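> Handing you a structure now.
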Amino acid sequence: MAAADDLEGIANYLWLHHPSFAASTLQRLYDAARSLKAFPYAGRIGMKSGTRELVLAPLPYLVIYAVDDHSIHILRFLHAAQDRP
């Protein structure tokens, strides 16, 4: 799953380069994704059809997700400066 791989990459990078921010940043990413259960349309319309993007300012991350009638699908966690696949 791409989102899980994204989180692992973010975690590895943060623990290596910014360990003092790693735990709080990862918690913020997790909390943001969980918040979509209560507020599925909180994010803006995404660049790809059928997706939405939750901007995590002041963090430089986006949660890319899709909403259907019964669930929220977390597709990616991306750094805002990262090229999108």
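Naming works like this for the structure tokens: A, B, ... for the chains as they're shown, residue 1 at the start of each chain, ligands 1 onward in shown order.
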Quick one: DSSP alpha helix (DSSP H) residues in chain A, as a VMD selection string?
chain A and resid 2 to 17 19 to 35
> Leu75 of chain A: which residues within 10 Å, counting only C-alpha atoms, same-chain residues fewer than 2 positions away excluded, as a list of chain:residue names?
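With the cut-off at 10 Å, the set is A:Met1, A:Ala2, A:Ala3, A:Ala4, A:Asp6, A:Thr51, A:Arg52, A:Glu53, A:Val63, A:Ile64, A:Tyr65, A:Ala66, A:Ile72, A:His73, A:Phe77, A:Leu78.
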> Next, dump the selected residues to file, keeping only N, CA and C atoms, as a PDB file, in the first residue's frame.

ATOM      1  N   MET A   1       0.848  -1.184   0.000  1.00  0.00           N
ATOM      2  CA  MET A   1       0.000   0.000   0.000  1.00  0.00           C
ATOM      3  C   MET A   1       0.890   1.242   0.000  1.00  0.00           C
ATOM      4  N   ALA A   2       0.630   2.148  -0.910  1.00  0.00           N
ATOM      5  CA  ALA A   2       1.484   3.330  -1.091  1.00  0.00           C
ATOM      6  C   ALA A   2       1.498   4.225   0.144  1.00  0.00           C
ATOM      7  N   ALA A   3       0.349   4.429   0.783  1.00  0.00           N
ATOM      8  CA  ALA A   3       0.295   5.318   1.950  1.00  0.00           C
ATOM      9  C   ALA A   3       1.158   4.777   3.093  1.00  0.00           C
ATOM     10  N   ALA A   4       1.111   3.473   3.312  1.00  0.00           N
ATOM     11  CA  ALA A   4       1.937   2.870   4.371  1.00  0.00           C
ATOM     12  C   ALA A   4       3.421   3.015   4.040  1.00  0.00           C
ATOM     13  N   ASP A   6       4.685   5.383   2.198  1.00  0.00           N
ATOM     14  CA  ASP A   6       4.982   6.808   2.378  1.00  0.00           C
ATOM     15  C   ASP A   6       5.282   7.119   3.840  1.00  0.00           C
ATOM     16  N   THR A  51      -9.976  12.507  -6.250  1.00  0.00           N
ATOM     17  CA  THR A  51      -9.183  12.581  -5.020  1.00  0.00           C
ATOM     18  C   THR A  51      -9.386  13.921  -4.324  1.00  0.00           C
ATOM     19  N   ARG A  52      -8.977  13.941  -3.079  1.00  0.00           N
ATOM     20  CA  ARG A  52      -8.967  15.154  -2.272  1.00  0.00           C
ATOM     21  C   ARG A  52      -7.600  15.250  -1.606  1.00  0.00           C
ATOM     22  N   GLU A  53      -7.216  16.461  -1.174  1.00  0.00           N
ATOM     23  CA  GLU A  53      -5.926  16.700  -0.545  1.00  0.00           C
ATOM     24  C   GLU A  53      -6.113  17.492   0.742  1.00  0.00           C
ATOM     25  N   VAL A  63      -2.136  14.864   2.765  1.00  0.00           N
ATOM     26  CA  VAL A  63      -2.767  13.552   2.789  1.00  0.00           C
ATOM     27  C   VAL A  63      -3.637  13.506   1.530  1.00  0.00           C
ATOM     28  N   ILE A  64      -3.347  12.570   0.652  1.00  0.00           N
ATOM     29  CA  ILE A  64      -4.131  12.385  -0.568  1.00  0.00           C
ATOM     30  C   ILE A  64      -5.120  11.266  -0.278  1.00  0.00           C
ATOM     31  N   TYR A  65      -6.400  11.514  -0.531  1.00  0.00           N
ATOM     32  CA  TYR A  65      -7.409  10.514  -0.177  1.00  0.00           C
ATOM     33  C   TYR A  65      -8.584  10.565  -1.138  1.00  0.00           C
ATOM     34  N   ALA A  66      -9.410   9.539  -1.061  1.00  0.00           N
ATOM     35  CA  ALA A  66     -10.632   9.462  -1.854  1.00  0.00           C
ATOM     36  C   ALA A  66     -11.783   9.123  -0.916  1.00  0.00           C
ATOM     37  N   ILE A  72     -13.425   6.197   3.615  1.00  0.00           N
ATOM     38  CA  ILE A  72     -12.351   7.104   3.202  1.00  0.00           C
ATOM     39  C   ILE A  72     -11.162   6.217   2.859  1.00  0.00           C
ATOM     40  N   HIS A  73     -10.528   6.466   1.745  1.00  0.00           N
ATOM     41  CA  HIS A  73      -9.364   5.690   1.331  1.00  0.00           C
ATOM     42  C   HIS A  73      -8.151   6.609   1.330  1.00  0.00           C
ATOM     43  N   PHE A  77       0.692   9.822   1.531  1.00  0.00           N
ATOM     44  CA  PHE A  77       1.181  10.894   2.388  1.00  0.00           C
ATOM     45  C   PHE A  77       2.379  11.454   1.645  1.00  0.00           C
ATOM     46  N   LEU A  78       2.307  12.709   1.210  1.00  0.00           N
ATOM     47  CA  LEU A  78       3.376  13.273   0.395  1.00  0.00           C
ATOM     48  C   LEU A  78       3.913  14.560   0.999  1.00  0.00           C
TER      49      LEU A  78
END
> List every residue of chain A that DSSP, applied to the backbone, labels as strand (DSSP E), and write the result as a PyMOL selection string.
chain A and resi 44-45+52-55+61-67+72-79
> Nearest to Ala42 of chain A among A:Val67, A:Ala80, A:Ala22, A:Leu7, with distances taken over only C-alpha atoms: which residue is it?
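The shortest atom-to-atom distance to Ala42 of chain A comes from A:Val67.
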> Do you have the atom CA of Glu8 of chain A-atom CA of Ser24 of chain A distance handy?
14.6 Å
> Which is closer to Asp69 of chain A than all the others in A:Phe21, A:Lys48, A:Tyr30, A:Pro40, using only C-alpha atoms?
A:Pro40
> Can you tell me which residues surround Gln27 of chain A at a distance of at most 12 Å, considering only C-alpha atoms, apart from same-chain residues fewer than 4 positions away, and format the answer as a PyMOL selection string?
chain A and resi 7+10-11+21-23+31-34+56+59
> Take the residues from that selection and put them in a file with all heavy atoms, as a PDB file, in the first residue's frame.

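This went into selection_39.pdb:
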ATOM      1  N   LEU A   7       4.435   6.618   4.738  1.00  0.00           N
ATOM      2  CA  LEU A   7       4.641   6.874   6.171  1.00  0.00           C
ATOM      3  C   LEU A   7       5.956   6.293   6.656  1.00  0.00           C
ATOM      4  O   LEU A   7       6.668   6.919   7.443  1.00  0.00           O
ATOM      5  CB  LEU A   7       3.486   6.303   6.990  1.00  0.00           C
ATOM      6  CG  LEU A   7       2.254   7.164   7.095  1.00  0.00           C
ATOM      7  CD1 LEU A   7       1.181   6.446   7.914  1.00  0.00           C
ATOM      8  CD2 LEU A   7       2.557   8.512   7.711  1.00  0.00           C
ATOM      9  N   ILE A  10       8.709   8.587   5.408  1.00  0.00           N
ATOM     10  CA  ILE A  10       8.723   9.829   6.189  1.00  0.00           C
ATOM     11  C   ILE A  10       9.324   9.573   7.566  1.00  0.00           C
ATOM     12  O   ILE A  10      10.171  10.333   8.041  1.00  0.00           O
ATOM     13  CB  ILE A  10       7.297  10.414   6.302  1.00  0.00           C
ATOM     14  CG1 ILE A  10       6.824  10.922   4.932  1.00  0.00           C
ATOM     15  CG2 ILE A  10       7.246  11.526   7.354  1.00  0.00           C
ATOM     16  CD1 ILE A  10       5.335  11.223   4.867  1.00  0.00           C
ATOM     17  N   ALA A  11       8.895   8.498   8.206  1.00  0.00           N
ATOM     18  CA  ALA A  11       9.411   8.158   9.538  1.00  0.00           C
ATOM     19  C   ALA A  11      10.920   7.932   9.494  1.00  0.00           C
ATOM     20  O   ALA A  11      11.658   8.482  10.331  1.00  0.00           O
ATOM     21  CB  ALA A  11       8.706   6.924  10.082  1.00  0.00           C
ATOM     22  N   PHE A  21      11.685  15.992  15.933  1.00  0.00           N
ATOM     23  CA  PHE A  21      10.373  16.267  15.348  1.00  0.00           C
ATOM     24  C   PHE A  21       9.650  15.006  14.878  1.00  0.00           C
ATOM     25  O   PHE A  21       8.484  15.071  14.495  1.00  0.00           O
ATOM     26  CB  PHE A  21      10.508  17.202  14.134  1.00  0.00           C
ATOM     27  CG  PHE A  21      11.032  18.558  14.479  1.00  0.00           C
ATOM     28  CD1 PHE A  21      12.286  18.949  14.058  1.00  0.00           C
ATOM     29  CD2 PHE A  21      10.271  19.443  15.217  1.00  0.00           C
ATOM     30  CE1 PHE A  21      12.781  20.211  14.383  1.00  0.00           C
ATOM     31  CE2 PHE A  21      10.746  20.700  15.542  1.00  0.00           C
ATOM     32  CZ  PHE A  21      12.009  21.083  15.126  1.00  0.00           C
ATOM     33  N   ALA A  22      10.327  13.886  14.878  1.00  0.00           N
ATOM     34  CA  ALA A  22       9.777  12.671  14.272  1.00  0.00           C
ATOM     35  C   ALA A  22       8.464  12.229  14.915  1.00  0.00           C
ATOM     36  O   ALA A  22       7.454  12.073  14.218  1.00  0.00           O
ATOM     37  CB  ALA A  22      10.801  11.547  14.315  1.00  0.00           C
ATOM     38  N   ALA A  23       8.451  12.015  16.205  1.00  0.00           N
ATOM     39  CA  ALA A  23       7.249  11.475  16.864  1.00  0.00           C
ATOM     40  C   ALA A  23       6.059  12.414  16.717  1.00  0.00           C
ATOM     41  O   ALA A  23       4.953  11.971  16.381  1.00  0.00           O
ATOM     42  CB  ALA A  23       7.536  11.189  18.333  1.00  0.00           C
ATOM     43  N   ASP A  31      -3.157  11.635  13.072  1.00  0.00           N
ATOM     44  CA  ASP A  31      -4.360  12.339  13.548  1.00  0.00           C
ATOM     45  C   ASP A  31      -5.118  12.993  12.391  1.00  0.00           C
ATOM     46  O   ASP A  31      -6.350  12.993  12.372  1.00  0.00           O
ATOM     47  CB  ASP A  31      -3.998  13.388  14.593  1.00  0.00           C
ATOM     48  CG  ASP A  31      -3.520  12.795  15.903  1.00  0.00           C
ATOM     49  OD1 ASP A  31      -3.730  11.584  16.131  1.00  0.00           O
ATOM     50  OD2 ASP A  31      -2.919  13.545  16.696  1.00  0.00           O
ATOM     51  N   ALA A  32      -4.393  13.560  11.453  1.00  0.00           N
ATOM     52  CA  ALA A  32      -5.039  14.194  10.300  1.00  0.00           C
ATOM     53  C   ALA A  32      -5.816  13.172   9.486  1.00  0.00           C
ATOM     54  O   ALA A  32      -6.957  13.414   9.085  1.00  0.00           O
ATOM     55  CB  ALA A  32      -3.991  14.886   9.430  1.00  0.00           C
ATOM     56  N   ALA A  33      -5.200  12.021   9.257  1.00  0.00           N
ATOM     57  CA  ALA A  33      -5.890  10.963   8.508  1.00  0.00           C
ATOM     58  C   ALA A  33      -7.129  10.489   9.268  1.00  0.00           C
ATOM     59  O   ALA A  33      -8.197  10.303   8.676  1.00  0.00           O
ATOM     60  CB  ALA A  33      -4.936   9.807   8.240  1.00  0.00           C
ATOM     61  N   ARG A  34      -7.019  10.330  10.562  1.00  0.00           N
ATOM     62  CA  ARG A  34      -8.174   9.900  11.373  1.00  0.00           C
ATOM     63  C   ARG A  34      -9.284  10.947  11.379  1.00  0.00           C
ATOM     64  O   ARG A  34     -10.456  10.599  11.427  1.00  0.00           O
ATOM     65  CB  ARG A  34      -7.750   9.608  12.805  1.00  0.00           C
ATOM     66  CG  ARG A  34      -7.044   8.282  12.957  1.00  0.00           C
ATOM     67  CD  ARG A  34      -6.810   7.991  14.416  1.00  0.00           C
ATOM     68  NE  ARG A  34      -8.056   8.150  15.145  1.00  0.00           N
ATOM     69  CZ  ARG A  34      -8.638   7.206  15.861  1.00  0.00           C
ATOM     70  NH1 ARG A  34      -8.079   6.040  15.941  1.00  0.00           N
ATOM     71  NH2 ARG A  34      -9.760   7.439  16.506  1.00  0.00           N
ATOM     72  N   LEU A  56      -1.498  19.935   5.537  1.00  0.00           N
ATOM     73  CA  LEU A  56      -1.206  19.914   6.970  1.00  0.00           C
ATOM     74  C   LEU A  56      -0.317  21.077   7.397  1.00  0.00           C
ATOM     75  O   LEU A  56       0.668  20.888   8.087  1.00  0.00           O
ATOM     76  CB  LEU A  56      -0.557  18.588   7.350  1.00  0.00           C
ATOM     77  CG  LEU A  56      -1.391  17.362   7.035  1.00  0.00           C
ATOM     78  CD1 LEU A  56      -0.656  16.106   7.422  1.00  0.00           C
ATOM     79  CD2 LEU A  56      -2.716  17.443   7.745  1.00  0.00           C
ATOM     80  N   LEU A  59       3.018  22.047   8.618  1.00  0.00           N
ATOM     81  CA  LEU A  59       3.861  20.949   8.144  1.00  0.00           C
ATOM     82  C   LEU A  59       3.843  20.917   6.613  1.00  0.00           C
ATOM     83  O   LEU A  59       2.827  21.240   6.006  1.00  0.00           O
ATOM     84  CB  LEU A  59       3.347  19.603   8.667  1.00  0.00           C
ATOM     85  CG  LEU A  59       3.369  19.400  10.181  1.00  0.00           C
ATOM     86  CD1 LEU A  59       2.782  18.038  10.531  1.00  0.00           C
ATOM     87  CD2 LEU A  59       4.773  19.527  10.723  1.00  0.00           C
TER      88      LEU A  59
END
> Could you work out how far atom CA of Lys37 of chain A lies from atom CA of His70 of chain A, giving the answer in Å with one decimal?
10.3 Å
> To one decimal place in Å, what is the distance between atom CA of Leu29 of chain A and atom CA of Pro60 of chain A?
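Value for the atom CA of Leu29 of chain A-atom CA of Pro60 of chain A distance: 10.7 Å.
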